[in-house]
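So the structure is just underneath, and the comments pick up after that.
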Amino acid sequence: VVRVFAGDLAEDISFDDARQWIIDGLREAAAYAAEHRITLSLENHGKLAGRSDQIIGILKDVGSDYLKATVDLGNFLLVDEDPAAAVTNLAPYAAHVHFKDFRPYREGDSQSYQALSGQRFVGTIAGEGGVDLKHALTELKAASYQGWLSVEFEGLEDEKLGTIQSVNNLVDTLEVL
């Protein structure tokens with residue numbers, strides 16, 4: 001599985017033009033991937049392919065079994081989409097999953113990410129922000145997802161400790177399912 005991105009908008013390029021270039025490029029890449037039995041996995045990231053409906057639309061327009069989705073649970077918050085609804089939509093298309101989480105920004109936080117709405121978020125330990133781990137895992141299981149469950153930690157806490165606690169939260173949630 002090779003993760004791919006759609007890029008982001010530039011001021012002098014329309015959304016429709018950029019989307020068509022993405023589809024054309026991924027169609028060509030997916031044909032190559034098919035020849036070599038590689039699965040490309042489009043991550044929900046940025047304004048061109050950040051929401052679940054955008055990813056699904058691109059996957060359908062490319063029309064290849066060799067292009068699937070990388071579901072980055074935290075990224076949905078940055079495009080103002082509910083991660084629970086998004087994982088429900090994308091689970092059937094998933095080839096890879098990132099358990100990443102964000103919480104709302106608090107005064108004094110040293111860094112933040114701005115959502116499309118302008119709301120600011122801060123990375124946090126998976127399961128301690130806006131992502132419902134139990135719901136995500138339930139939806140992935142219902143879709144017969146067989147891939148890896150990875151943790152992507154972007155929080156303010158120590159990276160090693162934040163990653164360990166994220167993995168522990170994921171394991172604890174898996175044990176109750």
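Labels used: A, B, ... for chains in the order of the structure tokens, numbers from 1 for residues in each chain, and numbers from 1 for ligands as shown.
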Skipping near chain neighbours, those fewer than 6 positions away, what residues fall within 12 Å of Glu107 in chain A using only C-alpha atoms, listed as a tab-separated table (two decimals) with C-alpha atoms, in the first residue's frame?
chain	number	residue	atom	x	y	z
A	120	ARG	CA	-8.27	26.04	15.84
A	121	PHE	CA	-7.28	22.56	16.95
A	122	VAL	CA	-4.31	21.03	18.73
Inset, instruction - as a ChimeraX atom specification, please: all residues of range 53-106 of chain A that backbone DSSP puts in strand (DSSP E or B). - result: /A:67-72,94-99,101-104
Excluding Gln146 in chain A and its own-chain neighbours fewer than 2 positions away, which residues fall within 12 Å of it when counting only C-alpha atoms? Please give them as a PDB file with N, CA and C atoms, in the first residue's frame.
ATOM      1  N   ALA A  91     -15.132   3.721   5.400  1.00  0.00           N
ATOM      2  CA  ALA A  91     -14.669   2.394   5.821  1.00  0.00           C
ATOM      3  C   ALA A  91     -14.679   1.363   4.686  1.00  0.00           C
ATOM      4  N   PRO A  92     -15.695   1.330   3.837  1.00  0.00           N
ATOM      5  CA  PRO A  92     -15.682   0.326   2.767  1.00  0.00           C
ATOM      6  C   PRO A  92     -14.565   0.531   1.738  1.00  0.00           C
ATOM      7  N   TYR A  93     -13.963   1.700   1.711  1.00  0.00           N
ATOM      8  CA  TYR A  93     -12.926   2.028   0.730  1.00  0.00           C
ATOM      9  C   TYR A  93     -11.520   2.006   1.343  1.00  0.00           C
ATOM     10  N   ALA A  94     -11.407   1.715   2.622  1.00  0.00           N
ATOM     11  CA  ALA A  94     -10.145   1.873   3.352  1.00  0.00           C
ATOM     12  C   ALA A  94      -9.109   0.813   2.983  1.00  0.00           C
ATOM     13  N   ALA A  95      -7.879   1.294   2.757  1.00  0.00           N
ATOM     14  CA  ALA A  95      -6.724   0.416   2.584  1.00  0.00           C
ATOM     15  C   ALA A  95      -5.729   0.631   3.722  1.00  0.00           C
ATOM     16  N   HIS A  96      -5.872   1.755   4.428  1.00  0.00           N
ATOM     17  CA  HIS A  96      -4.982   2.074   5.547  1.00  0.00           C
ATOM     18  C   HIS A  96      -5.709   3.066   6.454  1.00  0.00           C
ATOM     19  N   VAL A  97      -5.371   3.040   7.748  1.00  0.00           N
ATOM     20  CA  VAL A  97      -6.034   3.922   8.714  1.00  0.00           C
ATOM     21  C   VAL A  97      -4.994   4.567   9.622  1.00  0.00           C
ATOM     22  N   LEU A 137     -13.554   2.002  15.090  1.00  0.00           N
ATOM     23  CA  LEU A 137     -13.203   0.587  15.019  1.00  0.00           C
ATOM     24  C   LEU A 137     -14.412  -0.290  14.697  1.00  0.00           C
ATOM     25  N   LEU A 140     -15.019   0.111  10.922  1.00  0.00           N
ATOM     26  CA  LEU A 140     -13.997  -0.594  10.146  1.00  0.00           C
ATOM     27  C   LEU A 140     -14.235  -2.102  10.198  1.00  0.00           C
ATOM     28  N   LYS A 141     -14.587  -2.603  11.364  1.00  0.00           N
ATOM     29  CA  LYS A 141     -14.885  -4.035  11.506  1.00  0.00           C
ATOM     30  C   LYS A 141     -16.100  -4.421  10.662  1.00  0.00           C
ATOM     31  N   ALA A 142     -17.138  -3.589  10.694  1.00  0.00           N
ATOM     32  CA  ALA A 142     -18.354  -3.863   9.923  1.00  0.00           C
ATOM     33  C   ALA A 142     -18.071  -3.886   8.418  1.00  0.00           C
ATOM     34  N   ALA A 143     -17.065  -3.120   7.987  1.00  0.00           N
ATOM     35  CA  ALA A 143     -16.692  -3.066   6.569  1.00  0.00           C
ATOM     36  C   ALA A 143     -15.663  -4.143   6.212  1.00  0.00           C
ATOM     37  N   SER A 144     -15.357  -5.026   7.163  1.00  0.00           N
ATOM     38  CA  SER A 144     -14.383  -6.112   6.978  1.00  0.00           C
ATOM     39  C   SER A 144     -12.984  -5.591   6.654  1.00  0.00           C
ATOM     40  N   TRP A 148      -3.734  -2.425   8.315  1.00  0.00           N
ATOM     41  CA  TRP A 148      -3.070  -1.978   9.530  1.00  0.00           C
ATOM     42  C   TRP A 148      -3.832  -0.860  10.197  1.00  0.00           C
ATOM     43  N   LEU A 149      -3.688  -0.765  11.498  1.00  0.00           N
ATOM     44  CA  LEU A 149      -4.177   0.356  12.291  1.00  0.00           C
ATOM     45  C   LEU A 149      -2.926   1.084  12.792  1.00  0.00           C
TER      46      LEU A 149
END
Sorted by chain and rising residue number, which residues of range 61-95 of chain A lie within 7 Å of range 44-48 of chain A, and what are their closest atom pairs and distances in Å to one decimal, counting only C-alpha atoms, as CSV?
residue,atom,partner,partner_atom,distance
A:Thr70,CA,A:Asn44,CA,6.8
A:Val71,CA,A:Asn44,CA,6.4
A:Asp72,CA,A:Asn44,CA,6.3
A:Asn75,CA,A:His45,CA,6.3
Using only C-alpha atoms, find each residue of range 51-139 of chain A with at least one atom at most 12 Å away from an atom of range 9-20 of chain A; report its shortest atom-to-atom pair and that distance in Å (one decimal), sort the rows by chain and rising residue number, and return the result as a tab-separated table.
residue	atom	partner	partner_atom	distance
A:Gln54	CA	A:Arg19	CA	9.4
A:Ile55	CA	A:Arg19	CA	10.7
A:Gly57	CA	A:Arg19	CA	10.0
A:Ile58	CA	A:Arg19	CA	8.1
A:Leu59	CA	A:Arg19	CA	11.7
A:Asp61	CA	A:Gln20	CA	9.5
A:Val62	CA	A:Gln20	CA	10.1
Legend entry - Atom pair CA of Leu67 in chain A / CA of Arg37 in chain A: separation (Å): 11.0 Å
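Distance-wise, CA of Ala33 in chain A and CA of Ala86 in chain A end up 26.1 Å apart.
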Legend entry - d(CA of Gln165 in chain A, CA of Leu73 in chain A) in Å: 16.8 Å
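Those residues that approach Phe5 in chain A to within 9 Å, counting only C-alpha atoms, are Arg3, Gly7, Asp8, Ser41, Leu42, Glu43, Asn44, His45, Gly46 and Ala49 of chain A; same-chain residues fewer than 2 positions away are not listed.
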Inset, instruction - Between A:Phe99, A:Phe153, A:Tyr105, A:Tyr145, single out the one closest to Val131 in chain A, counting only C-alpha atoms. - result: A:Phe99
Inset, instruction - Write out as a VMD selection string all residues of chain A that DSSP puts in alpha helix (DSSP H) for this structure's backbone. - result: chain A and resid 15 to 35 52 to 62 75 to 78 83 to 90 133 to 142 159 to 176
How about saving the chosen residues, C-alpha atoms kept, as a CSV table (one decimal), in the first residue's frame?
chain,number,residue,atom,x,y,z
A,15,PHE,CA,-11.1,23.6,-7.7
A,16,ASP,CA,-12.6,21.9,-10.8
A,17,ASP,CA,-9.4,22.1,-12.8
A,18,ALA,CA,-7.3,20.8,-9.9
A,19,ARG,CA,-9.8,18.0,-9.3
A,20,GLN,CA,-9.6,16.9,-12.9
A,21,TRP,CA,-5.8,16.9,-12.8
A,22,ILE,CA,-6.0,14.7,-9.7
A,23,ILE,CA,-8.3,12.3,-11.4
A,24,ASP,CA,-6.2,12.1,-14.6
A,25,GLY,CA,-3.0,11.7,-12.6
A,26,LEU,CA,-4.4,9.0,-10.3
A,27,ARG,CA,-6.0,7.1,-13.2
A,28,GLU,CA,-2.5,6.9,-14.8
A,29,ALA,CA,-0.9,6.0,-11.5
A,30,ALA,CA,-3.5,3.4,-10.7
A,31,ALA,CA,-3.0,1.7,-14.1
A,32,TYR,CA,0.8,1.5,-13.3
A,33,ALA,CA,-0.1,0.2,-9.8
A,34,ALA,CA,-2.3,-2.5,-11.3
A,35,GLU,CA,0.5,-3.7,-13.5
A,52,SER,CA,-15.1,11.8,2.8
A,53,ASP,CA,-17.4,12.8,-0.1
A,54,GLN,CA,-14.4,14.2,-2.0
A,55,ILE,CA,-12.4,11.0,-1.5
A,56,ILE,CA,-15.3,8.8,-2.6
A,57,GLY,CA,-15.9,11.0,-5.6
A,58,ILE,CA,-12.3,10.8,-6.7
A,59,LEU,CA,-12.2,7.0,-6.2
A,60,LYS,CA,-15.3,6.5,-8.2
A,61,ASP,CA,-14.1,8.8,-11.0
A,62,VAL,CA,-10.8,7.1,-11.2
A,75,ASN,CA,-7.9,15.2,9.5
A,76,PHE,CA,-11.6,15.3,9.2
A,77,LEU,CA,-11.8,17.8,12.0
A,78,LEU,CA,-9.7,20.2,10.0
A,83,PRO,CA,-15.0,12.0,12.1
A,84,ALA,CA,-17.7,9.5,13.0
A,85,ALA,CA,-19.7,10.2,9.9
A,86,ALA,CA,-16.6,10.3,7.8
A,87,VAL,CA,-15.3,6.9,8.9
A,88,THR,CA,-18.8,5.4,8.3
A,89,ASN,CA,-18.7,6.7,4.7
A,90,LEU,CA,-15.1,5.7,4.0
A,133,LEU,CA,-12.2,5.4,18.7
A,134,LYS,CA,-14.9,2.8,19.5
A,135,HIS,CA,-17.2,4.1,16.6
A,136,ALA,CA,-14.3,4.1,14.2
A,137,LEU,CA,-13.2,0.6,15.0
A,138,THR,CA,-16.8,-0.7,14.9
A,139,GLU,CA,-17.3,0.8,11.4
A,140,LEU,CA,-14.0,-0.6,10.1
A,141,LYS,CA,-14.9,-4.0,11.5
A,142,ALA,CA,-18.4,-3.9,9.9
A,159,GLU,CA,6.1,12.3,21.2
A,160,LYS,CA,7.1,8.9,22.6
A,161,LEU,CA,4.7,9.2,25.6
A,162,GLY,CA,1.9,10.5,23.4
A,163,THR,CA,2.3,7.7,20.9
A,164,ILE,CA,2.5,5.1,23.6
A,165,GLN,CA,-0.7,6.4,25.3
A,166,SER,CA,-2.4,6.6,21.9
A,167,VAL,CA,-1.6,2.9,21.2
A,168,ASN,CA,-2.8,2.0,24.7
A,169,ASN,CA,-6.1,3.8,24.1
A,170,LEU,CA,-6.5,2.0,20.8
A,171,VAL,CA,-5.7,-1.4,22.4
A,172,ASP,CA,-8.1,-0.8,25.3
A,173,THR,CA,-10.8,0.1,22.8
A,174,LEU,CA,-10.1,-3.0,20.7
A,175,GLU,CA,-10.4,-5.2,23.8
A,176,VAL,CA,-14.0,-4.1,24.5
